[in-house]
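This is protein-v6.cif (mmCIF, C-alpha atoms).
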```
data_structure
#
loop_
_atom_site.label_atom_id
_atom_site.label_comp_id
_atom_site.auth_asym_id
_atom_site.auth_seq_id
_atom_site.Cartn_x
_atom_site.Cartn_y
_atom_site.Cartn_z
CA MET A 1 21.09 49.19 -0.97
CA ILE A 2 18.82 50.53 1.76
CA ILE A 3 19.09 49.15 5.27
CA SER A 4 16.50 50.03 7.90
CA PRO A 5 17.64 50.90 11.42
CA ILE A 6 18.57 47.97 13.64
CA PHE A 7 16.46 48.14 16.78
CA PRO A 8 18.03 46.91 20.03
CA ALA A 9 16.01 44.51 22.16
CA SER A 10 14.35 46.17 25.14
CA ASN A 11 11.74 45.33 27.73
CA VAL A 12 10.44 48.90 27.65
CA ARG A 13 10.37 49.83 23.99
CA PRO A 14 8.42 47.78 21.42
CA SER A 15 10.43 44.74 20.39
CA PRO A 16 12.29 44.86 17.05
CA ALA A 17 9.85 42.33 15.59
CA GLN A 18 6.93 44.61 16.46
CA SER A 19 8.68 47.52 14.72
CA ALA A 20 10.09 45.90 11.60
CA LEU A 21 7.66 43.07 10.89
CA PRO A 22 4.72 45.36 9.99
CA ASP A 23 6.99 47.18 7.51
CA PHE A 24 7.94 43.89 5.87
CA LEU A 25 4.34 42.67 5.75
CA GLU A 26 3.24 45.96 4.21
CA GLN A 27 5.86 45.58 1.46
CA LEU A 28 4.85 41.96 0.95
CA THR A 29 1.19 42.98 0.57
CA LEU A 30 2.09 45.60 -2.04
CA HIS A 31 4.10 43.07 -4.05
CA ILE A 32 1.27 40.54 -3.88
CA GLU A 33 -1.43 43.01 -4.90
CA SER A 34 0.67 44.31 -7.82
CA LYS A 35 1.39 40.70 -8.87
CA ALA A 36 5.12 41.48 -8.71
CA LEU A 37 5.92 38.70 -6.20
CA ILE A 38 7.95 35.85 -7.69
CA LYS A 39 8.65 33.91 -4.50
CA LEU A 40 8.77 34.30 -0.73
CA LEU A 41 11.06 31.97 1.23
CA LEU A 42 10.72 31.54 5.00
CA SER A 43 13.82 29.86 6.44
CA SER A 44 16.14 29.41 9.42
CA LYS A 45 13.75 27.58 11.74
CA ARG A 46 13.55 28.65 15.36
CA ASP A 47 12.96 25.13 16.70
CA LYS A 48 15.86 23.00 15.49
CA THR A 49 13.95 19.80 16.32
CA SER A 50 11.08 20.70 13.99
CA ASP A 51 10.73 18.61 10.81
CA LEU A 52 9.51 21.65 8.86
CA LYS A 53 12.55 22.94 6.95
CA ASN A 54 11.10 25.99 5.23
CA ILE A 55 8.01 27.46 3.56
CA ILE A 56 7.84 28.70 -0.04
CA VAL A 57 5.02 31.07 -1.00
CA THR A 58 4.02 32.02 -4.56
CA ILE A 59 0.94 33.46 -6.26
CA VAL A 60 -1.35 31.10 -8.15
CA LYS A 61 -4.40 31.79 -10.29
CA LEU A 62 -7.30 29.44 -9.62
CA LYS A 63 -10.90 29.45 -10.86
CA LYS A 64 -11.94 31.56 -7.88
CA GLY A 65 -9.19 34.13 -8.42
CA TYR A 66 -5.65 34.70 -7.15
CA PHE A 67 -4.44 32.82 -4.08
CA LEU A 68 -1.20 32.34 -2.15
CA ASN A 69 0.29 28.90 -2.68
CA PHE A 70 2.19 27.62 0.38
CA VAL A 71 4.64 24.73 0.03
CA TYR A 72 5.59 23.34 3.45
CA ARG A 73 8.88 21.53 2.90
CA TYR A 74 9.74 18.53 5.09
CA PRO A 75 12.69 16.11 4.78
CA THR A 76 10.59 13.40 3.08
CA LYS A 77 7.65 15.28 1.59
CA ASP A 78 6.13 18.60 0.55
CA ILE A 79 2.65 19.69 1.63
CA THR A 80 0.89 22.25 -0.56
CA LYS A 81 -1.95 24.53 0.57
CA ASN A 82 -3.72 27.49 -1.06
CA TYR A 83 -4.93 30.46 0.98
CA ALA A 84 -6.71 33.73 0.25
CA GLU A 85 -4.40 36.76 0.45
CA LYS A 86 -5.48 38.03 3.87
CA GLU A 87 -5.34 34.60 5.49
CA GLY A 88 -2.02 33.84 3.82
CA ILE A 89 -0.38 37.04 5.11
CA THR A 90 -1.65 36.27 8.62
CA LEU A 91 -0.04 32.82 8.40
CA ILE A 92 3.23 34.37 7.18
CA GLN A 93 3.21 36.79 10.12
CA SER A 94 2.61 33.94 12.56
CA ALA A 95 5.41 31.87 10.97
CA LEU A 96 7.90 34.73 11.34
CA GLU A 97 6.88 35.30 14.95
CA ASN A 98 6.94 31.65 15.99
CA ASP A 99 8.65 29.35 13.47
CA PHE A 100 11.30 31.09 11.35
CA PHE A 101 13.93 33.78 11.82
CA ASN A 102 14.27 34.88 8.20
CA ALA A 103 12.20 35.74 5.15
CA HIS A 104 13.46 36.54 1.65
CA LEU A 105 11.07 38.19 -0.78
CA TYR A 106 11.92 37.95 -4.49
CA SER A 107 10.01 40.17 -6.91
CA LYS A 108 10.35 41.70 -10.38
CA THR A 109 11.35 45.05 -8.89
CA GLN A 110 13.42 44.29 -5.77
CA ASP A 111 14.54 41.76 -3.18
CA ILE A 112 13.61 42.31 0.46
CA THR A 113 15.21 40.39 3.32
CA PHE A 114 13.75 40.23 6.82
CA GLN A 115 16.34 38.78 9.19
CA THR A 116 16.32 38.12 12.94
CA LYS A 117 19.82 38.06 14.40
CA PRO A 118 20.87 35.67 17.21
CA ASN A 119 20.92 38.66 19.60
CA GLY A 120 17.27 39.43 18.80
CA LYS A 121 17.94 42.42 16.56
CA ILE A 122 16.00 42.78 13.31
CA GLN A 123 17.43 43.77 9.95
CA LEU A 124 15.36 44.75 6.93
CA LYS A 125 17.29 44.98 3.66
CA ILE A 126 16.10 46.10 0.23
CA ASN A 127 18.23 45.19 -2.79
CA THR A 128 17.99 45.15 -6.54
CA PRO A 129 16.14 42.10 -7.94
CA THR A 130 18.10 38.89 -8.43
CA MET A 131 15.33 36.87 -10.11
CA GLU A 132 14.32 38.19 -13.49
CA LYS A 133 11.64 35.68 -14.46
CA THR A 134 8.06 36.87 -14.86
CA PRO A 135 5.55 35.18 -12.54
CA THR A 136 3.20 32.85 -14.44
CA PHE A 137 0.70 32.20 -11.59
CA SER A 138 0.14 28.74 -13.03
CA HIS A 139 -1.10 26.19 -10.50
CA ASP A 140 -0.01 23.23 -12.61
CA LYS A 141 3.74 23.51 -13.03
CA PRO A 142 5.35 21.08 -15.45
CA LYS A 143 7.20 18.23 -13.77
CA ASP A 144 9.67 15.71 -15.08
CA LYS A 145 7.95 12.35 -15.23
CA LEU A 146 9.70 9.67 -13.22
CA ILE A 147 8.16 6.92 -15.34
CA GLN A 148 9.00 7.35 -19.01
CA THR A 149 6.62 6.17 -21.71
CA GLU A 150 9.02 5.57 -24.61
CA ASN A 151 9.56 1.85 -25.30
CA ASN A 152 8.04 0.94 -21.94
CA THR A 153 6.38 -2.37 -22.72
CA TYR A 154 4.31 -2.76 -19.56
CA LEU A 155 2.69 0.66 -20.05
CA ARG A 156 1.62 -0.37 -23.54
CA ASP A 157 0.34 -3.78 -22.46
CA LEU A 158 -1.59 -2.21 -19.60
CA ASP A 159 -3.21 0.15 -22.16
CA ILE A 160 -1.77 3.28 -20.57
CA VAL A 161 0.08 4.27 -23.78
CA ASN A 162 -0.71 3.58 -27.41
CA ALA A 163 1.47 2.06 -30.13
CA ASN A 164 3.30 5.40 -30.49
CA TRP A 165 4.13 5.42 -26.74
CA GLU A 166 1.74 8.32 -26.14
CA VAL A 167 -0.45 8.34 -23.03
CA ARG A 168 -4.03 7.50 -23.92
CA ARG A 169 -6.37 10.35 -23.12
CA GLU A 170 -8.65 8.17 -20.99
CA MET A 171 -5.60 6.89 -19.04
CA ASN A 172 -4.05 10.27 -18.31
CA ASP A 173 -5.24 10.25 -14.67
CA LYS A 174 -3.80 6.77 -14.17
CA TYR A 175 -0.44 7.87 -15.59
CA LYS A 176 -0.43 10.88 -13.24
CA GLN A 177 -1.27 8.60 -10.33
CA ILE A 178 1.65 6.32 -11.17
CA ASN A 179 4.11 9.22 -11.19
CA GLN A 180 2.69 10.70 -7.98
CA TYR A 181 3.09 7.32 -6.31
CA ILE A 182 6.74 7.04 -7.33
CA GLU A 183 7.36 10.63 -6.24
CA LEU A 184 5.90 9.77 -2.86
CA MET A 185 7.98 6.62 -2.50
CA LYS A 186 11.27 8.24 -3.58
CA PRO A 187 12.40 9.51 -0.16
CA TYR A 188 12.06 6.03 1.37
CA LEU A 189 13.98 4.21 -1.37
CA THR A 190 17.41 4.66 0.19
CA ASP A 191 20.57 2.71 -0.50
CA LYS A 192 20.32 1.23 2.98
CA LEU A 193 16.81 -0.07 2.26
CA LEU A 194 17.46 -1.31 -1.27
CA GLN A 195 20.39 -3.59 -0.59
CA ASN A 196 21.04 -6.38 -3.09
CA ASN A 197 18.17 -8.85 -3.29
CA CYS A 198 15.92 -6.71 -1.14
CA HIS A 199 12.49 -8.37 -1.30
CA ILE A 200 9.47 -6.14 -1.90
CA ALA A 201 6.00 -7.67 -1.54
CA ASP A 202 3.05 -5.81 -3.08
CA MET A 203 0.01 -7.31 -1.39
CA GLY A 204 -3.15 -7.03 -3.46
CA SER A 205 -1.35 -5.93 -6.62
CA GLY A 206 -4.48 -5.90 -8.79
CA LYS A 207 -3.79 -4.99 -12.41
CA GLY A 208 -0.19 -4.21 -11.49
CA TYR A 209 -0.01 -0.55 -12.51
CA LEU A 210 1.88 0.59 -9.43
CA THR A 211 3.76 -2.69 -8.99
CA PHE A 212 5.31 -2.48 -12.44
CA ALA A 213 6.04 1.23 -12.06
CA LEU A 214 7.88 0.76 -8.76
CA TYR A 215 9.92 -2.15 -10.13
CA ASP A 216 10.72 -0.08 -13.24
CA TYR A 217 11.88 2.90 -11.20
CA ILE A 218 14.00 0.90 -8.74
CA THR A 219 15.71 -1.32 -11.32
CA ASN A 220 16.06 1.06 -14.28
CA THR A 221 16.35 4.50 -12.68
CA LEU A 222 17.99 3.65 -9.35
CA GLN A 223 19.86 0.68 -10.84
CA LYS A 224 19.17 -1.55 -7.83
CA ASN A 225 18.99 -5.34 -7.87
CA ILE A 226 15.81 -6.37 -6.05
CA GLN A 227 13.28 -9.18 -5.87
CA MET A 228 9.62 -8.19 -6.13
CA THR A 229 6.45 -10.22 -5.64
CA GLY A 230 2.90 -9.16 -6.44
CA VAL A 231 0.18 -11.03 -4.52
CA GLU A 232 -3.29 -11.14 -6.06
CA LEU A 233 -6.48 -13.19 -5.54
CA ARG A 234 -7.70 -13.11 -9.16
CA PRO A 235 -6.03 -15.77 -11.37
CA ASP A 236 -6.61 -13.88 -14.63
CA LEU A 237 -4.74 -10.83 -13.31
CA VAL A 238 -1.88 -12.98 -11.97
CA ASN A 239 -1.48 -14.67 -15.37
CA LYS A 240 -1.71 -11.41 -17.29
CA CYS A 241 0.84 -9.63 -15.09
CA ASN A 242 3.31 -12.52 -15.28
CA THR A 243 3.02 -12.45 -19.07
CA ILE A 244 3.68 -8.71 -19.16
CA ALA A 245 6.64 -9.07 -16.75
CA LYS A 246 8.17 -11.69 -19.03
CA LYS A 247 7.69 -9.53 -22.15
CA SER A 248 9.28 -6.60 -20.30
CA ASN A 249 12.29 -8.73 -19.29
CA TYR A 250 11.52 -8.06 -15.65
CA ASN A 251 13.14 -11.27 -14.50
CA ASN A 252 12.99 -10.54 -10.77
CA LEU A 253 9.32 -9.57 -10.75
CA ALA A 254 6.75 -12.31 -10.24
CA PHE A 255 3.04 -12.42 -9.42
CA VAL A 256 1.56 -15.17 -7.27
CA LEU A 257 -1.98 -16.26 -6.56
CA GLY A 258 -3.08 -15.84 -2.96
CA SER A 259 -4.46 -13.63 -0.21
CA ILE A 260 -2.69 -11.04 1.89
CA LYS A 261 -3.32 -13.12 4.99
CA ASP A 262 -2.28 -16.59 3.87
CA THR A 263 0.25 -16.37 1.02
CA ASN A 264 3.60 -17.93 1.97
CA LEU A 265 6.26 -15.26 1.62
CA TYR A 266 9.53 -15.06 3.48
CA ASN A 267 12.02 -12.28 4.21
CA ILE A 268 9.74 -9.38 3.35
CA ASP A 269 11.97 -6.31 3.53
CA VAL A 270 9.34 -3.91 2.16
CA LEU A 271 5.62 -4.61 2.44
CA ILE A 272 3.17 -2.60 0.35
CA ALA A 273 -0.63 -2.88 0.45
CA LEU A 274 -2.53 -0.28 -1.56
CA HIS A 275 -6.31 -0.11 -1.24
CA ALA A 276 -6.64 -3.42 0.59
CA CYS A 277 -10.26 -3.52 1.69
CA ASP A 278 -11.27 -3.23 5.36
CA THR A 279 -9.33 -5.64 7.62
CA ALA A 280 -7.11 -6.83 4.75
CA THR A 281 -5.05 -3.70 5.50
CA ASP A 282 -4.66 -4.95 9.08
CA ASP A 283 -3.55 -8.35 7.79
CA ALA A 284 -0.91 -6.60 5.70
CA ILE A 285 0.36 -4.45 8.57
CA TYR A 286 0.50 -7.50 10.81
CA ARG A 287 2.53 -9.46 8.24
CA GLY A 288 4.93 -6.56 7.88
CA ILE A 289 5.43 -6.22 11.63
CA ILE A 290 6.00 -9.92 12.34
CA SER A 291 8.36 -10.06 9.33
CA LYS A 292 10.26 -7.11 10.84
CA SER A 293 9.96 -5.39 7.45
CA SER A 294 12.14 -2.30 7.18
CA LEU A 295 9.29 -0.41 5.50
CA ILE A 296 5.51 -0.85 5.60
CA VAL A 297 3.37 1.20 3.20
CA CYS A 298 -0.43 0.93 3.29
CA ALA A 299 -3.20 2.92 1.63
CA PRO A 300 -6.35 1.66 3.40
CA CYS A 301 -9.71 1.21 1.70
CA CYS A 302 -13.05 0.76 3.50
CA HIS A 303 -13.29 0.81 7.28
CA LYS A 304 -16.29 -1.41 7.97
CA GLN A 305 -15.01 -3.11 11.11
CA ILE A 306 -14.73 0.03 13.22
CA ARG A 307 -17.75 1.74 11.65
CA GLN A 308 -19.91 -1.20 12.71
CA ALA A 309 -18.25 -1.32 16.14
CA PHE A 310 -19.10 2.28 17.12
CA ASN A 311 -21.22 2.46 20.29
CA VAL A 312 -20.87 6.07 21.37
CA GLU A 313 -22.50 7.08 24.66
CA SER A 314 -21.53 10.74 24.80
CA PRO A 315 -22.32 13.96 22.88
CA LEU A 316 -20.11 12.56 20.12
CA ASP A 317 -23.02 10.33 19.16
CA GLN A 318 -24.42 13.42 17.45
CA VAL A 319 -21.49 13.20 15.04
CA THR A 320 -21.70 9.50 14.35
CA LYS A 321 -25.47 9.53 13.78
CA PHE A 322 -24.94 11.05 10.31
CA GLY A 323 -24.00 8.36 7.80
CA ILE A 324 -21.25 10.12 5.85
CA LEU A 325 -19.74 11.67 8.99
CA LYS A 326 -19.83 8.33 10.75
CA GLU A 327 -17.96 6.82 7.81
CA ARG A 328 -15.30 9.53 7.86
CA GLN A 329 -14.95 9.27 11.62
CA ALA A 330 -14.48 5.51 11.26
CA GLU A 331 -11.69 6.11 8.74
CA ILE A 332 -9.90 8.51 11.08
CA ILE A 333 -10.22 6.29 14.16
CA THR A 334 -9.29 3.08 12.31
CA ASP A 335 -6.17 4.51 10.70
CA SER A 336 -5.12 6.40 13.83
CA ILE A 337 -5.17 3.19 15.85
CA ARG A 338 -3.30 1.37 13.08
CA ALA A 339 -0.59 4.02 13.12
CA LEU A 340 -0.35 3.88 16.92
CA ILE A 341 -0.08 0.09 16.93
CA MET A 342 2.78 0.33 14.44
CA GLU A 343 4.50 2.86 16.72
CA ALA A 344 4.07 0.50 19.65
CA HIS A 345 5.90 -2.13 17.59
CA ASP A 346 8.90 0.15 17.02
CA TYR A 347 7.96 1.77 13.72
CA LYS A 348 8.42 5.46 13.04
CA THR A 349 5.00 6.07 11.54
CA ASN A 350 3.51 8.83 9.43
CA VAL A 351 0.07 9.31 7.87
CA ILE A 352 0.14 11.31 4.66
CA GLU A 353 -1.88 12.09 1.56
CA PHE A 354 -1.47 9.31 -1.00
CA ILE A 355 -2.66 11.00 -4.20
CA SER A 356 -4.90 13.94 -4.94
CA THR A 357 -8.59 13.51 -4.14
CA GLU A 358 -9.37 14.41 -7.75
CA HIS A 359 -8.18 10.89 -8.66
CA THR A 360 -9.62 8.94 -5.71
CA PRO A 361 -11.27 9.81 -2.36
CA LYS A 362 -9.27 6.99 -0.71
CA ASN A 363 -6.12 9.05 -0.39
CA VAL A 364 -4.58 8.29 3.02
CA MET A 365 -1.28 6.45 3.21
CA ILE A 366 0.27 5.00 6.37
CA VAL A 367 4.05 4.68 6.21
CA GLY A 368 6.07 2.93 8.89
CA GLU A 369 9.88 2.74 9.05
CA LYS A 370 11.41 0.14 11.39
CA THR A 371 13.57 1.64 14.09
CA ALA A 372 16.59 0.04 15.71
CA GLN A 373 15.45 0.68 19.28
CA ASP A 374 12.41 -0.43 21.24
CA ASN A 375 9.85 2.34 21.64
CA PRO A 376 10.14 3.53 25.28
CA ASN A 377 6.58 4.94 25.07
CA LYS A 378 4.95 1.62 24.20
CA GLN A 379 2.86 1.40 27.38
CA GLN A 380 1.63 4.97 26.98
CA ILE A 381 0.64 4.24 23.38
CA ILE A 382 -1.33 1.18 24.48
CA GLU A 383 -3.14 3.28 27.08
CA ASN A 384 -3.91 5.94 24.46
CA ILE A 385 -5.43 3.32 22.17
CA ALA A 386 -7.58 2.03 25.02
CA ALA A 387 -8.78 5.57 25.75
CA ILE A 388 -9.74 6.16 22.11
CA LYS A 389 -11.66 2.90 22.03
CA GLN A 390 -13.50 3.78 25.23
CA ILE A 391 -14.60 7.17 23.87
CA PHE A 392 -16.16 5.58 20.80
CA GLY A 393 -17.44 2.44 22.51
CA ILE A 394 -15.17 0.16 20.48
CA LYS A 395 -14.60 -3.24 22.04
CA GLU A 396 -11.79 -4.34 19.77
CA HIS A 397 -9.68 -3.33 16.78
CA TYR A 398 -9.00 -6.19 14.36
CA LEU A 399 -5.27 -5.47 14.16
CA GLU A 400 -4.92 -5.70 17.95
CA ASN A 401 -6.45 -9.17 17.94
CA LEU A 402 -3.93 -10.42 15.38
CA PHE A 403 -1.22 -10.02 18.01
#
```
Starting from the file, lay out its structure as structure tokens.
Amino acid sequence: MIISPIFPASNVRPSPAQSALPDFLEQLTLHIESKALIKLLLSSKRDKTSDLKNIIVTIVKLKKGYFLNFVYRYPTKDITKNYAEKEGITLIQSALENDFFNAHLYSKTQDITFQTKPNGKIQLKINTPTMEKTPTFSHDKPKDKLIQTENNTYLRDLDIVNANWEVRREMNDKYKQINQYIELMKPYLTDKLLQNNCHIADMGSGKGYLTFALYDYITNTLQKNIQMTGVELRPDLVNKCNTIAKKSNYNNLAFVLGSIKDTNLYNIDVLIALHACDTATDDAIYRGIISKSSLIVCAPCCHKQIRQAFNVESPLDQVTKFGILKERQAEIITDSIRALIMEAHDYKTNVIEFISTEHTPKNVMIVGEKTAQDNPNKQQIIENIAAIKQIFGIKEHYLENLF
């Protein structure tokens, strides 16, 4: 084992980080360029209040060549980004200077540890390799499917699998979407949330793909006893889904005919509305808030109300004069205000990627978890919403009016 000198902190001499960090980054670059890197782990966060737990970096081979794949690990989700080598190393340097104390490099030939001690001293250690696997550089790593196909009646009746329980080629994207959705929901499906007879309402359930999958996962994998209701406007889909639920022996899953706004439902513990069009998403959020739902999950679709309400009288009008940019700006403003309104009503709110854009461009999900305390920043949030509306010349947001 080789240990580099430990440099004492000093206001005169270069700091230990300035001395040792370039050495570590040089070694990292060599391992990346030789394709010897198996994994780099950045850990021991400097800011203990930060939600970012660690960063995992690997090499991936894409159509445009080799890139560095960053996985930003949070308590309830992972965010994945790909960067070119030079940009990736710059981000790693910044993370070690500002966000993390430690880095552990695993390669085929050696392990290298960069460690910042509590007293500010830096230690650089080189050891024999502990991971013997050969890097594959594959971007698509195999994952265990959370929704199994074998003998799963609803998947067959929804034409996702064939008679041999194999995923139909034309439905492969839909099957991936189902599993990504369950993966995304997993962190929120806690024992505290899923108490006996917890009522989940899926507003605008459509053909029922995701409704059935969530019920399947909660009842069969998590072994929880829940009640679930799918709400849908089209009678043929309601009848079809109820038939499939009966054939699947899903006794606590029912589909009812009605709209998000007017259907009579009581005691909604979890409210879900995926791809509800335009202000129907606002109706869903409103119902969740007034029901004091423990969890509200929405994936908005269309943002006509705010797009039509734009009346910008500033240089920003040069952004909103282009159709596609105006549409995207409307999406951002609409969903930002929705998230802020939920925060003002005591929900811990997050806006995340729903599913990959390769499956659908409508990939934003708003998730709100009910908190036990009133939000002390409510007035400031209301003022922030008013300021946003003023900038874009918006007179009203539909969700605000519902209250």
Please write as a list in words the full residue list that the PyMOL selection byres ((chain A and resi 268-285) around 6) yields on this file.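 Selection result, ordered by chain and number: His199, Ile200, Ala201, Asp202, Met203, Lys261, Tyr266, Asn267, Tyr286, Arg287, Gly288, Ser293, Ser294, Leu295, Ile296, Val297, Cys298, Ala299, Pro300, Cys301, Cys302, His303, Lys304 and Leu399 of chain A.
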In Å, how far is it from atom CA of Lys370 of chain A to atom CA of Tyr347 of chain A?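 Atom-to-atom, atom CA of Lys370 of chain A and atom CA of Tyr347 of chain A are spaced 4.5 Å apart.
Nearest residue to Lys389 of chain A, choosing from A:Gln123, A:Thr130, A:Thr29, A:Ser336 and counting only C-alpha atoms: A:Ser336.
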Polymer residues at most 7 Å from Ile59 of chain A, all atoms listed in the file, same-chain spacing of 6 or more positions, as a compact mmCIF listing (two decimals) with C-alpha atoms, in the coordinates of the input:
```
# COMPACT_ATOMS: atom_id res chain seq x y z
CA TYR A 66 -5.65 34.70 -7.15
CA PHE A 67 -4.44 32.82 -4.08
CA LEU A 68 -1.20 32.34 -2.15
CA ASN A 69 0.29 28.90 -2.68
CA PHE A 137 0.70 32.20 -11.59
```
Taking the file above as input, evaluate the PyMOL selection byres ((chain A and resi 241-257) around 10) and report the hits as a PyMOL selection string. chain A and resi 151-158+197+199-209+211-212+215-216+219+225-240+258-260+263-264
Gap from atom CA of Val351 of chain A to atom CA of Arg328 of chain A - Å, one decimal: 15.4 Å
Find the residues around segment 339-341 of chain A up to 10 Å (only C-alpha atoms counted), leave out those fewer than 2 positions away in its own chain, and share them as an MDAnalysis selection string. chainID A and resid 285:286 289 333:337 343:351 366:368 378 381:382 384:385 399:400
Let me make sure I understand: among A:Gly65, A:Pro22, A:Gly323, A:Pro187, which one has the smallest atom-to-atom distance to Lys77 of chain A if we use all atoms listed in the file? A:Pro187
To verify the selection step, state as a list in words which residues the PyMOL selection byres ((chain A and resi 352) around 6) yields on this input.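 In the shown coordinates, the PyMOL selection byres ((chain A and resi 352) around 6) covers Val351, Glu353, Val364 and Met365 of chain A.
Minimum atom-to-atom distances from A:Ser314, A:Ser44, A:Thr109, A:Gln93 to Phe24 of chain A were compared using only C-alpha atoms, and the lowest value belongs to A:Gln93.
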Separation of atom CA of Lys192 of chain A from atom CA of Lys224 of chain A in Å: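 Here the two named atoms are 11.2 Å from each other.
You can rank A:Tyr106, A:Glu26, A:Ser94, A:Leu194 by their closest distance to Thr58 of chain A using all atoms listed in the file, and at the top of that list sits A:Tyr106.
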Using all atoms listed in the file for the distances, tell me which of A:Gln27, A:Ser43, A:Asn179, A:Asn82 is nearest to Leu62 of chain A. A:Asn82
List as an MDAnalysis selection string the protein and nucleic acid residues near Leu37 of chain A, meaning an atom at most 9 Å away when all atoms listed in the file are counted, but skip any in the same chain fewer than 2 places from it. chainID A and resid 28 30:35 39:40 58:59 105:109 135
Have a look at A:Asp23, A:Asp78, A:Asp51, A:Glu383 and name the one nearest to Asp99 of chain A; count only C-alpha atoms.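 For Asp99 of chain A, the nearest of the candidates is A:Asp51.
All residues of protein, DNA or RNA that reach within 10 Å of Phe70 of chain A, judged by only C-alpha atoms and not counting those fewer than 4 positions away in the chain, are Leu40, Leu41, Ile55, Ile56, Val57, Thr58, Ile59, Val60, Asp78, Ile79, Thr80, Lys81, Asn82, Tyr83, Gly88, Leu91 and Ile92 of chain A.
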Excluding Val312 of chain A and any residue of its chain fewer than 3 positions from it, enumerate the residues within 10 Å of it, using only C-alpha atoms, and give them as a list in words. Ala309, Pro315, Leu316, Asp317, Gln318, Val319, Thr320, Lys321, Lys389, Gln390, Ile391, Phe392, Gly393 and Ile394 of chain A
